[in-house]
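File shown: model.txt. Contents: compact mmCIF, C-alpha atoms and all ligand atoms.
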# COMPACT_ATOMS: atom_id res chain seq x y z
CA MET A 1335 -26.52 25.91 28.21
CA VAL A 1336 -25.07 24.48 24.97
CA SER A 1337 -26.63 21.50 23.26
CA ARG A 1338 -24.94 18.26 22.32
CA ASP A 1339 -25.32 19.11 18.63
CA GLN A 1340 -23.63 22.46 19.13
CA VAL A 1341 -20.72 20.74 20.79
CA LEU A 1342 -20.44 18.29 17.91
CA GLU A 1343 -20.53 21.17 15.46
CA ALA A 1344 -17.67 22.85 17.30
CA LEU A 1345 -15.74 19.61 17.28
CA GLU A 1346 -15.94 19.45 13.50
CA GLY A 1347 -13.20 22.06 13.67
CA VAL A 1348 -10.79 19.61 15.28
CA GLN A 1349 -8.70 17.91 12.62
CA ASP A 1350 -6.68 14.76 12.75
CA PRO A 1351 -3.88 16.13 10.57
CA GLU A 1352 -2.56 12.68 9.75
CA LEU A 1353 -5.84 11.16 8.67
CA GLY A 1354 -7.00 14.37 7.03
CA GLY A 1355 -10.47 14.63 8.50
CA ASN A 1356 -12.23 16.03 11.53
CA VAL A 1357 -12.67 14.00 14.69
CA VAL A 1358 -16.45 13.84 14.32
CA GLU A 1359 -16.59 12.42 10.80
CA LEU A 1360 -13.75 10.05 11.63
CA GLY A 1361 -15.87 8.63 14.46
CA MET A 1362 -13.39 9.58 17.15
CA ILE A 1363 -15.94 11.27 19.38
CA THR A 1364 -17.57 8.47 21.30
CA ASP A 1365 -19.55 10.46 23.82
CA VAL A 1366 -20.77 14.02 24.51
CA ARG A 1367 -22.60 14.87 27.72
CA VAL A 1368 -23.57 18.37 28.77
CA ASP A 1369 -24.25 19.08 32.42
CA GLU A 1370 -24.94 22.78 32.95
CA GLY A 1371 -21.65 24.51 32.13
CA THR A 1372 -19.66 21.30 32.13
CA VAL A 1373 -19.07 19.27 28.95
CA ASN A 1374 -17.76 15.70 29.14
CA ILE A 1375 -16.29 14.32 25.94
CA GLY A 1376 -15.13 10.82 25.06
CA LEU A 1377 -12.30 10.90 22.52
CA ALA A 1378 -11.09 7.62 21.00
CA LEU A 1379 -7.68 7.73 19.36
CA THR A 1380 -6.54 5.16 16.82
CA ILE A 1381 -3.86 3.96 19.22
CA ALA A 1382 -3.32 4.99 22.83
CA GLU A 1383 0.25 6.15 22.20
CA CYS A 1384 -0.82 8.25 19.19
CA PRO A 1385 1.91 10.84 18.64
CA LEU A 1386 -0.72 13.49 17.97
CA ARG A 1387 -2.56 12.78 21.18
CA ASN A 1388 -1.66 16.06 22.90
CA GLN A 1389 -2.55 18.11 19.88
CA ILE A 1390 -5.93 16.48 19.25
CA GLU A 1391 -6.83 16.40 22.91
CA GLY A 1392 -5.77 20.02 23.37
CA ASP A 1393 -7.71 21.18 20.30
CA THR A 1394 -10.81 19.32 21.49
CA HIS A 1395 -10.55 20.93 24.88
CA ARG A 1396 -10.00 24.43 23.53
CA ARG A 1397 -12.72 24.35 20.88
CA VAL A 1398 -15.40 23.40 23.35
CA LEU A 1399 -14.18 25.63 26.16
CA ALA A 1400 -14.37 28.54 23.72
CA MET A 1401 -18.13 28.05 23.36
CA PRO A 1402 -20.30 30.55 25.20
CA GLY A 1403 -21.87 29.01 28.27
CA VAL A 1404 -19.17 26.40 28.79
CA ASP A 1405 -17.05 26.68 31.97
CA GLU A 1406 -15.44 23.30 32.14
CA VAL A 1407 -14.44 20.61 29.65
CA ASN A 1408 -13.37 17.09 30.54
CA VAL A 1409 -11.87 15.01 27.78
CA ARG A 1410 -11.65 11.30 28.45
CA VAL A 1411 -9.17 9.72 26.03
CA THR A 1412 -9.44 6.05 25.12
CA ALA A 1413 -7.92 3.87 22.42
CA MET A 1414 -10.20 2.61 19.68
CA THR A 1415 -11.36 -0.94 19.54
CA LYS A 1416 -10.33 -2.98 16.51
CA LYS A 1417 -13.81 -2.49 15.06
CA GLN A 1418 -13.79 1.28 15.57
CA ARG A 1419 -10.37 1.44 13.99
CA SER A 1420 -11.40 -0.48 10.91
CA GLU A 1421 -14.48 1.74 10.53
CA LEU A 1422 -12.29 4.81 10.77
CA MET A 1423 -9.93 3.40 8.16
CA SER A 1424 -12.76 2.84 5.74
CA VAL A 1425 -13.97 6.42 6.21
CA ALA A 1426 -10.42 7.67 5.64
CA ARG A 1427 -10.05 5.46 2.59
CA ARG A 1428 -13.32 6.63 1.14
CA ARG A 1429 -12.25 10.23 1.59
CA ALA A 1430 -8.92 9.49 -0.05
CA ARG A 1431 -10.70 7.81 -2.95
CA GLU A 1432 -13.02 10.76 -3.43
CA GLY A 1433 -10.12 13.18 -3.43
CA ALA A 1434 -7.81 10.95 -5.48
CA GLU A 1435 -6.09 12.47 -8.47
CA PRO A 1436 -6.68 10.72 -11.77
CA THR A 1437 -3.91 8.36 -12.91
CA GLN A 1438 -3.40 6.01 -15.84
CA VAL A 1439 -3.96 3.06 -13.52
CA SER A 1440 -7.51 1.79 -13.84
CA PRO A 1441 -9.56 1.94 -10.63
CA THR A 1442 -10.31 -1.75 -11.11
CA THR A 1443 -6.63 -2.73 -11.09
CA ARG A 1444 -5.57 -4.49 -7.90
CA VAL A 1445 -2.56 -2.66 -6.54
CA VAL A 1446 -0.17 -4.69 -4.39
CA ALA A 1447 2.49 -2.64 -2.63
CA VAL A 1448 5.34 -4.87 -1.46
CA ALA A 1449 6.83 -3.29 1.64
CA SER A 1450 8.88 -4.21 4.70
CA GLY A 1451 9.90 -2.83 8.04
CA LYS A 1452 13.56 -2.88 7.06
CA GLY A 1453 15.82 -3.07 4.01
CA GLY A 1454 17.42 -6.05 2.33
CA VAL A 1455 14.75 -8.61 3.23
CA GLY A 1456 13.95 -9.48 -0.38
CA LYS A 1457 11.19 -7.05 -1.32
CA SER A 1458 12.42 -6.63 -4.87
CA SER A 1459 13.02 -10.36 -5.39
CA ILE A 1460 9.53 -11.13 -4.08
CA SER A 1461 7.99 -8.34 -6.18
CA VAL A 1462 9.38 -9.59 -9.50
CA ASN A 1463 8.44 -13.17 -8.67
CA LEU A 1464 4.89 -12.25 -7.66
CA ALA A 1465 4.50 -10.22 -10.84
CA ALA A 1466 5.94 -12.95 -13.09
CA GLY A 1467 3.92 -15.59 -11.24
CA LEU A 1468 0.66 -13.65 -11.65
CA SER A 1469 1.42 -13.17 -15.31
CA ALA A 1470 2.10 -16.91 -15.72
CA GLU A 1471 -1.38 -17.51 -14.25
CA GLY A 1472 -2.78 -15.53 -17.17
CA PHE A 1473 -3.38 -12.19 -15.50
CA ARG A 1474 -2.44 -8.85 -17.04
CA VAL A 1475 0.29 -7.56 -14.78
CA GLY A 1476 2.44 -4.48 -14.39
CA ILE A 1477 5.30 -3.78 -12.02
CA LEU A 1478 6.28 -0.34 -10.82
CA ASP A 1479 9.72 0.10 -9.31
CA ALA A 1480 8.99 2.74 -6.67
CA ASP A 1481 12.53 2.45 -5.36
CA ILE A 1482 13.38 5.42 -7.52
CA TRP A 1483 17.11 5.62 -6.78
CA GLY A 1484 17.76 2.10 -5.54
CA TYR A 1485 16.03 0.45 -8.50
CA SER A 1486 16.67 -3.23 -9.11
CA ILE A 1487 13.61 -4.43 -11.02
CA PRO A 1488 14.96 -4.17 -14.60
CA ARG A 1489 17.93 -6.42 -13.79
CA MET A 1490 15.85 -8.92 -11.82
CA LEU A 1491 13.15 -9.17 -14.46
CA GLY A 1492 15.45 -8.91 -17.46
CA ALA A 1493 13.79 -5.74 -18.75
CA LYS A 1494 15.83 -3.78 -21.26
CA GLY A 1495 15.63 -0.76 -23.48
CA ARG A 1496 14.84 2.83 -22.80
CA LEU A 1497 11.39 4.11 -22.06
CA GLU A 1498 9.91 6.38 -24.66
CA ALA A 1499 6.78 8.43 -24.93
CA ASP A 1500 4.24 7.89 -27.67
CA ALA A 1501 4.39 10.81 -30.10
CA ASP A 1502 0.61 11.28 -30.17
CA THR A 1503 -0.50 10.58 -26.63
CA GLN A 1504 2.69 11.74 -24.92
CA LEU A 1505 2.31 8.74 -22.64
CA ILE A 1506 5.35 6.61 -21.77
CA GLU A 1507 5.16 3.04 -23.05
CA PRO A 1508 6.20 0.52 -20.38
CA SER A 1509 8.91 -1.98 -21.22
CA GLU A 1510 7.91 -5.65 -21.10
CA ALA A 1511 9.65 -8.72 -19.66
CA SER A 1512 8.37 -12.15 -18.60
CA GLY A 1513 4.93 -10.98 -19.74
CA VAL A 1514 4.99 -8.10 -17.25
CA LYS A 1515 4.84 -4.39 -18.05
CA VAL A 1516 7.76 -2.70 -16.34
CA ILE A 1517 8.43 0.88 -15.29
CA SER A 1518 11.60 1.84 -13.45
CA THR A 1519 14.00 4.75 -13.31
CA GLY A 1520 16.56 2.12 -14.29
CA LEU A 1521 15.00 2.18 -17.77
CA ILE A 1522 15.45 5.93 -18.08
CA ILE A 1523 18.91 6.77 -16.91
CA GLU A 1524 21.97 5.36 -18.67
CA ASP A 1525 24.91 6.53 -16.61
CA GLU A 1526 25.94 8.22 -13.40
CA GLU A 1527 25.87 11.64 -14.97
CA THR A 1528 22.28 11.50 -16.19
CA ALA A 1529 21.40 9.88 -12.90
CA LEU A 1530 22.56 12.97 -11.09
CA MET A 1531 20.65 15.20 -13.45
CA TRP A 1532 17.43 13.24 -13.06
CA ARG A 1533 17.89 13.13 -9.33
CA GLY A 1534 17.55 16.87 -9.04
CA LEU A 1535 14.79 17.08 -11.60
CA MET A 1536 12.46 14.34 -10.62
CA LEU A 1537 12.99 13.38 -7.05
CA GLY A 1538 9.50 14.22 -5.90
CA LYS A 1539 7.87 13.83 -9.27
CA ALA A 1540 9.01 10.43 -10.44
CA LEU A 1541 6.30 8.38 -8.81
CA GLU A 1542 3.63 10.81 -9.92
CA GLN A 1543 4.90 10.63 -13.51
CA PHE A 1544 4.98 6.87 -13.37
CA LEU A 1545 1.33 6.79 -12.43
CA LYS A 1546 0.01 9.66 -14.52
CA GLN A 1547 2.10 9.53 -17.68
CA VAL A 1548 2.52 5.83 -18.34
CA ALA A 1549 0.24 3.94 -20.71
CA TRP A 1550 -0.44 1.09 -18.26
CA GLY A 1551 -3.54 -0.08 -20.13
CA GLU A 1552 -6.00 -2.46 -18.49
CA LEU A 1553 -4.20 -4.44 -15.79
CA ASP A 1554 -5.51 -7.02 -13.35
CA TYR A 1555 -2.60 -6.45 -10.99
CA LEU A 1556 -0.02 -3.73 -10.49
CA VAL A 1557 2.79 -4.81 -8.19
CA ILE A 1558 4.75 -1.99 -6.59
CA ASP A 1559 8.23 -2.58 -5.23
CA MET A 1560 8.39 -0.12 -2.36
CA PRO A 1561 11.59 1.60 -1.32
CA PRO A 1562 12.90 0.85 2.17
CA GLY A 1563 11.64 3.16 4.88
CA THR A 1564 8.28 4.60 5.75
CA GLY A 1565 8.56 7.93 4.05
CA ASP A 1566 6.82 10.10 1.49
CA VAL A 1567 6.49 7.47 -1.21
CA GLN A 1568 3.88 5.56 0.78
CA MET A 1569 1.87 8.70 1.37
CA ALA A 1570 2.11 9.84 -2.25
CA LEU A 1571 1.09 6.41 -3.41
CA THR A 1572 -2.13 6.31 -1.42
CA ARG A 1573 -2.98 9.82 -2.44
CA MET A 1574 -2.89 8.67 -6.05
CA LEU A 1575 -3.81 4.98 -5.76
CA PRO A 1576 -6.26 4.68 -2.89
CA GLN A 1577 -6.99 1.06 -3.80
CA ALA A 1578 -3.42 0.02 -2.94
CA GLU A 1579 -2.98 -2.74 -0.39
CA MET A 1580 0.19 -3.84 1.29
CA VAL A 1581 2.04 -7.15 1.36
CA VAL A 1582 4.75 -7.21 4.01
CA VAL A 1583 7.99 -9.12 3.51
CA THR A 1584 10.00 -10.12 6.54
CA THR A 1585 12.88 -12.44 7.45
CA PRO A 1586 12.60 -15.43 9.83
CA GLN A 1587 14.68 -13.79 12.52
CA SER A 1588 12.86 -10.45 12.50
CA ALA A 1589 12.19 -8.76 15.81
CA ALA A 1590 8.50 -9.15 15.10
CA GLN A 1591 7.18 -6.63 17.57
CA ARG A 1592 9.45 -3.83 16.50
CA VAL A 1593 8.88 -4.49 12.81
CA ALA A 1594 5.13 -4.71 13.43
CA ILE A 1595 5.04 -1.27 15.03
CA ARG A 1596 6.85 0.23 12.06
CA VAL A 1597 4.68 -1.54 9.50
CA ALA A 1598 1.44 -0.74 11.32
CA ASP A 1599 2.50 2.89 11.45
CA MET A 1600 3.20 2.87 7.74
CA ALA A 1601 -0.18 1.27 7.03
CA ARG A 1602 -1.99 3.71 9.27
CA ARG A 1603 -0.36 6.76 7.75
CA SER A 1604 -1.14 5.62 4.25
CA TYR A 1605 -4.52 3.99 5.15
CA MET A 1606 -3.34 0.87 3.37
CA PRO A 1607 -4.91 -2.39 4.43
CA ILE A 1608 -2.37 -5.19 4.91
CA VAL A 1609 -3.15 -8.27 2.83
CA GLY A 1610 -0.64 -10.56 4.56
CA VAL A 1611 2.94 -11.36 5.40
CA ILE A 1612 5.52 -13.25 3.33
CA GLU A 1613 8.41 -14.76 5.23
CA ASN A 1614 11.58 -14.83 3.13
CA MET A 1615 14.90 -16.67 3.51
CA THR A 1616 13.75 -19.45 5.83
CA GLY A 1617 15.95 -22.51 6.37
CA GLU A 1618 18.82 -23.83 8.41
CA ILE A 1619 20.74 -20.58 8.51
CA PHE A 1620 18.06 -18.11 9.56
CA GLY A 1621 15.49 -20.54 10.91
CA SER A 1622 11.78 -19.81 10.58
CA GLY A 1623 8.90 -18.38 12.56
CA GLY A 1624 9.45 -14.63 12.29
CA GLY A 1625 6.85 -14.39 9.54
CA LYS A 1626 4.11 -16.07 11.54
CA GLU A 1627 4.99 -13.99 14.56
CA LEU A 1628 4.77 -10.76 12.57
CA ALA A 1629 1.52 -11.87 10.92
CA ASP A 1630 0.01 -12.60 14.34
CA GLU A 1631 1.28 -9.32 15.66
CA LEU A 1632 -0.40 -7.49 12.75
CA GLY A 1633 -3.52 -9.66 12.82
CA VAL A 1634 -3.17 -10.71 9.16
CA PRO A 1635 -2.53 -14.07 7.45
CA LEU A 1636 0.90 -15.47 6.64
CA LEU A 1637 0.76 -15.89 2.86
CA GLY A 1638 3.72 -18.26 2.90
CA SER A 1639 7.42 -18.81 3.47
CA VAL A 1640 10.15 -18.74 0.84
CA PRO A 1641 13.31 -20.72 1.64
CA LEU A 1642 16.79 -19.29 1.36
CA ASP A 1643 17.68 -20.61 -2.05
CA GLN A 1644 20.62 -19.85 -4.32
CA SER A 1645 18.30 -20.00 -7.35
CA VAL A 1646 16.65 -16.73 -6.22
CA VAL A 1647 19.97 -14.92 -6.49
CA ARG A 1648 20.84 -16.60 -9.79
CA GLY A 1649 17.40 -15.84 -11.21
CA GLY A 1650 17.70 -12.24 -10.06
CA ASP A 1651 21.09 -11.83 -11.67
CA ALA A 1652 20.01 -13.48 -14.91
CA GLY A 1653 16.69 -11.62 -15.17
CA ALA A 1654 14.80 -14.92 -15.01
CA PRO A 1655 12.46 -15.06 -11.98
CA VAL A 1656 12.59 -18.48 -10.27
CA VAL A 1657 8.81 -18.66 -10.12
CA LEU A 1658 8.84 -19.37 -13.86
CA ASP A 1659 11.12 -22.39 -13.42
CA PRO A 1660 9.91 -24.56 -10.53
CA GLU A 1661 12.74 -27.03 -11.29
CA ALA A 1662 15.27 -24.37 -10.35
CA GLY A 1663 14.77 -24.84 -6.63
CA PRO A 1664 12.34 -24.88 -3.69
CA ALA A 1665 11.88 -21.10 -3.65
CA GLY A 1666 10.12 -21.10 -7.02
CA ARG A 1667 7.58 -23.67 -5.85
CA ALA A 1668 6.97 -21.77 -2.62
CA ILE A 1669 6.29 -18.57 -4.54
CA ILE A 1670 3.82 -20.30 -6.87
CA GLN A 1671 1.76 -21.21 -3.79
CA ILE A 1672 2.01 -17.67 -2.46
CA VAL A 1673 0.77 -16.31 -5.79
CA GLU A 1674 -2.26 -18.57 -5.51
CA ARG A 1675 -2.98 -17.39 -1.97
CA LEU A 1676 -2.59 -13.79 -3.04
CA VAL A 1677 -5.14 -14.28 -5.83
CA GLN A 1678 -7.54 -15.79 -3.30
CA ALA A 1679 -7.01 -12.93 -0.88
CA LEU A 1680 -7.20 -10.27 -3.59
CA PRO A 1681 -9.17 -11.70 -6.50
CA PRO A 1682 -8.99 -9.66 -9.69
CA ALA A 1683 -11.74 -7.08 -9.84
CA GLU A 1684 -14.65 -7.77 -12.16
CA LEU A 1685 -13.92 -6.14 -15.45
CA GLU A 1686 -17.37 -4.72 -15.76
CA THR A 1687 -19.09 -2.86 -13.00
CA CYS A 1688 -22.56 -3.90 -11.97
CA THR A 1689 -24.11 -0.72 -13.30
CA GLY A 1690 -22.24 -1.22 -16.58
CA ARG A 1691 -23.62 -4.71 -16.90
CA ILE A 1692 -27.17 -3.63 -16.09
CA ALA A 1693 -26.94 -0.82 -18.64
CA LYS A 1694 -25.81 -3.32 -21.26
CA LEU A 1695 -28.59 -5.73 -20.37
CA LEU A 1696 -31.19 -2.96 -20.68
CA ALA A 1697 -29.79 -1.87 -24.03
CA HIS A 1698 -29.94 -5.45 -25.20
CA LEU A 1699 -33.56 -5.84 -24.11
CA GLU A 1700 -34.52 -2.55 -25.73
CA ASN A 1701 -32.91 -3.58 -28.99
CA GLY A 1702 -34.65 -6.93 -28.83
CA ALA A 1703 -38.00 -5.31 -28.16
CA ALA A 1704 -37.65 -2.84 -31.03
N1 LIG B 1801 14.80 -16.48 -0.77
C1 LIG B 1801 16.02 -16.03 -1.06
N2 LIG B 1801 17.07 -16.89 -1.11
C2 LIG B 1801 18.32 -16.44 -1.39
N3 LIG B 1801 18.62 -15.17 -1.63
C3 LIG B 1801 17.62 -14.27 -1.61
C4 LIG B 1801 16.27 -14.64 -1.33
N4 LIG B 1801 15.51 -13.52 -1.39
C5 LIG B 1801 16.34 -12.50 -1.70
N5 LIG B 1801 17.61 -12.93 -1.85
C6 LIG B 1801 18.80 -12.12 -2.16
O1 LIG B 1801 18.97 -11.17 -1.12
C7 LIG B 1801 19.42 -9.94 -1.64
C8 LIG B 1801 18.45 -8.82 -1.24
O2 LIG B 1801 17.23 -9.05 -1.89
P1 LIG B 1801 16.38 -7.84 -2.49
O3 LIG B 1801 17.22 -6.91 -3.27
O4 LIG B 1801 15.21 -8.47 -3.18
O5 LIG B 1801 15.92 -7.16 -1.13
P2 LIG B 1801 15.17 -5.75 -0.91
O6 LIG B 1801 14.33 -5.91 0.32
O7 LIG B 1801 14.49 -5.33 -2.14
O8 LIG B 1801 16.39 -4.79 -0.60
P3 LIG B 1801 16.36 -3.17 -0.52
O9 LIG B 1801 15.79 -2.85 0.81
O10 LIG B 1801 17.79 -2.81 -0.69
O11 LIG B 1801 15.49 -2.70 -1.64
C9 LIG B 1801 19.55 -10.13 -3.14
O12 LIG B 1801 20.87 -10.41 -3.47
C10 LIG B 1801 18.66 -11.33 -3.43
O13 LIG B 1801 19.10 -12.07 -4.54
MG MG B 1802 14.67 -3.52 -3.25
Same coordinates, now as structure tokens:
Amino acid sequence: MVSRDQVLEALEGVQDPELGGNVVELGMITDVRVDEGTVNIGLALTIAECPLRNQIEGDTHRRVLAMPGVDEVNVRVTAMTKKQRSELMSVARRRAREGAEPTQVSPTTRVVAVASGKGGVGKSSISVNLAAGLSAEGFRVGILDADIWGYSIPRMLGAKGRLEADADTQLIEPSEASGVKVISTGLIIEDEETALMWRGLMLGKALEQFLKQVAWGELDYLVIDMPPGTGDVQMALTRMLPQAEMVVVTTPQSAAQRVAIRVADMARRSYMPIVGVIENMTGEIFGSGGGKELADELGVPLLGSVPLDQSVVRGGDAGAPVVLDPEAGPAGRAIIQIVERLVQALPPAELETCTGRIAKLLAHLENGAA
């Protein structure tokens, strides 16, 4: 007869390919009971309709059935509770952090990835305004235009010039506009022809370069304007910036449930916690309410609503974010409030770590004693 521990050991060979860990360490095995030659296993999946269900369930079954002395295996599949899921996410995040590749972004920098379930909802407009607003509050802020081929940040923020690398360090110096450090492919390519050349050269590498070869310096916040879609950029981002958290932009008339499924899937695949939802373009034309609905659906707070306001378009075209001119219209004032809520939800990390501070205190005492 096999023991429970032997079964668990065998199950360590069953991987969740998406989360990149085995089912035991991820806490997905809720129960193992051995009764003579029969093994009963409880398997909790992150969501009941997990696309990998058959694979994980099949692997679990096969691994255990392959053990000598086992004649029958029953796998009972359940969906995780909210608590189990958040525990699993923190294990996955910790693993990602341990395996993270070094970048030029300090581990203490708060990384805010601005994403959405669909295109054209105002991600880029919100990104530049959050960044400029945070900077106006006195924080050190960078913005990374991760929409590599659909870039719009330089125009919206009024960033100009071409990026160049420092001769000594070989690190690219970010451009600066409205007090924000800016990196975008729009600051590299000058015309269609070079665009095509770069496209072939850097497609997969651009984001990596922007994180590893840019002299970001010490930042309190790095805002990332995400490209539309739920593709590779999200995954690459978490691999390199495991501290990233997501802010979701949506419109008032969004089909909340459908958007929520897409966003939750994106968050799950990239292990990114969702900080909250921003509803954009509210008012007489599009109404309001979609943001709250989506926030409820995702179980996160609504950070605020931004009205449909001509000044957002004007500010975007002029490279002067409305958040810096509250007189320009109601959208600017709404975004100032959202910036404040974001800072509350994601306060800037302490500049010094606890161990660093204790070390300093000890050194100070030693010096004093000497
Ligand atoms: N609150 C608003 N009021 C009026 N116009 C807005 C508002 N927010 C965004 N816009 C306008 O809507 C258009 C789309 O916005 P934006 O480019 O920021 O969206 P996006 O989600 O980044 O789009 P994409 O998916 O293409 O990257 C822009 O012309 C922008 O000026
Ligand atoms: Mg955009």
Kindly provide the residues of chain A that approach ligand MG 1802 (chain B) to within 8 Å, each paired with its closest atom pair and their distance in Å to one decimal, based on all atoms listed in the file, listed by chain and increasing number, as a tab-separated table.
residue	atom	partner	partner_atom	distance
A:Gly1453	CA	B:MG1802	MG	7.4
A:Gly1454	CA	B:MG1802	MG	6.7
A:Gly1456	CA	B:MG1802	MG	6.7
A:Lys1457	CA	B:MG1802	MG	5.3
A:Ser1458	CA	B:MG1802	MG	4.2
A:Ser1459	CA	B:MG1802	MG	7.4
A:Asp1481	CA	B:MG1802	MG	6.7
A:Gly1484	CA	B:MG1802	MG	6.8
A:Tyr1485	CA	B:MG1802	MG	6.7
A:Ser1486	CA	B:MG1802	MG	6.2
A:Ile1487	CA	B:MG1802	MG	7.9
A:Asp1559	CA	B:MG1802	MG	6.8
A:Met1560	CA	B:MG1802	MG	7.2
A:Pro1561	CA	B:MG1802	MG	6.3
A:Pro1562	CA	B:MG1802	MG	7.2
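With only the atoms specified (only C-alpha atoms) counting, those residues at most 12 Å away from (1.7, 9.7, 15.3) are Asp1350, Pro1351, Glu1352, Leu1353, Leu1379, Thr1380, Ile1381, Ala1382, Glu1383, Cys1384, Pro1385, Leu1386, Arg1387, Asn1388, Gln1389, Ile1390, Ile1595, Arg1596, Ala1598, Asp1599, Met1600, Ala1601, Arg1602 and Arg1603 of chain A.
Closest approach to ligand LIG 1801 (chain B) among A:Phe1544, A:Tyr1555, A:Trp1483, A:Phe1473: A:Trp1483, based on all atoms listed in the file.
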Listing only residues of segment 1615-1670 of chain A within 12 Å of segment 1677-1680 of chain A, what is the closest atom pair and its distance in Å (to one decimal) for each, using all atoms listed in the file, sorted by chain and residue number ascending, as a Markdown table?
| residue | atom | partner | partner_atom | distance |
| --- | --- | --- | --- | --- |
| A:Val1634 | CA | A:Ala1679 | CA | 11.0 |
| A:Pro1635 | CA | A:Ala1679 | CA | 9.5 |
| A:Leu1636 | CA | A:Ala1679 | CA | 11.2 |
| A:Leu1637 | CA | A:Ala1679 | CA | 9.1 |
| A:Ile1670 | CA | A:Val1677 | CA | 10.8 |
(request) Record the distance separating atom CA of Thr1415 of chain A and atom CA of Val1398 of chain A, expressed in Å with one decimal. (result) 25.0 Å
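In this comparison, which uses all atoms listed in the file, the residue of A:Pro1441, A:Gly1361, A:Gly1649, A:Gly1492 approaching ligand LIG 1801 (chain B) most closely is A:Gly1649.
The closest residue to Arg1397 of chain A, picked from A:Ala1590, A:Val1445, A:Leu1345, A:Met1362 and counting all atoms listed in the file, is A:Leu1345.
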(request) Find, counting only C-alpha atoms, the residue in A:Pro1664, A:Gly1625, A:Gly1476, A:Gly1520 that gets nearest to Pro1508 of chain A. (result) A:Gly1476
(message) Using all atoms listed in the file, list the residues that have an atom at most 8 Å from (17.7, -19.4, -2.1), coordinates as in the file, as a PyMOL selection string.
(response) chain A and resi 1615+1641-1647+1663-1665
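The spacing separating atom CA of Thr1585 of chain A from atom CA of Gly1624 of chain A amounts to 6.3 Å.
If you measure from each of A:Ile1517, A:Ile1608, A:Ile1460, A:Ala1480 to ligand LIG 1801 (chain B) using all atoms listed in the file, the closest one turns out to be A:Ile1460.
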(request) Kindly indicate which residue among A:Leu1556, A:Val1609, A:Ala1549, A:Val1455 lies nearest to ligand LIG 1801 (chain B), using only C-alpha atoms and all ligand atoms for the distances. (result) A:Val1455
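Atom CA of Ala1378 of chain A sits 5.3 Å away from atom CA of Met1414 of chain A.
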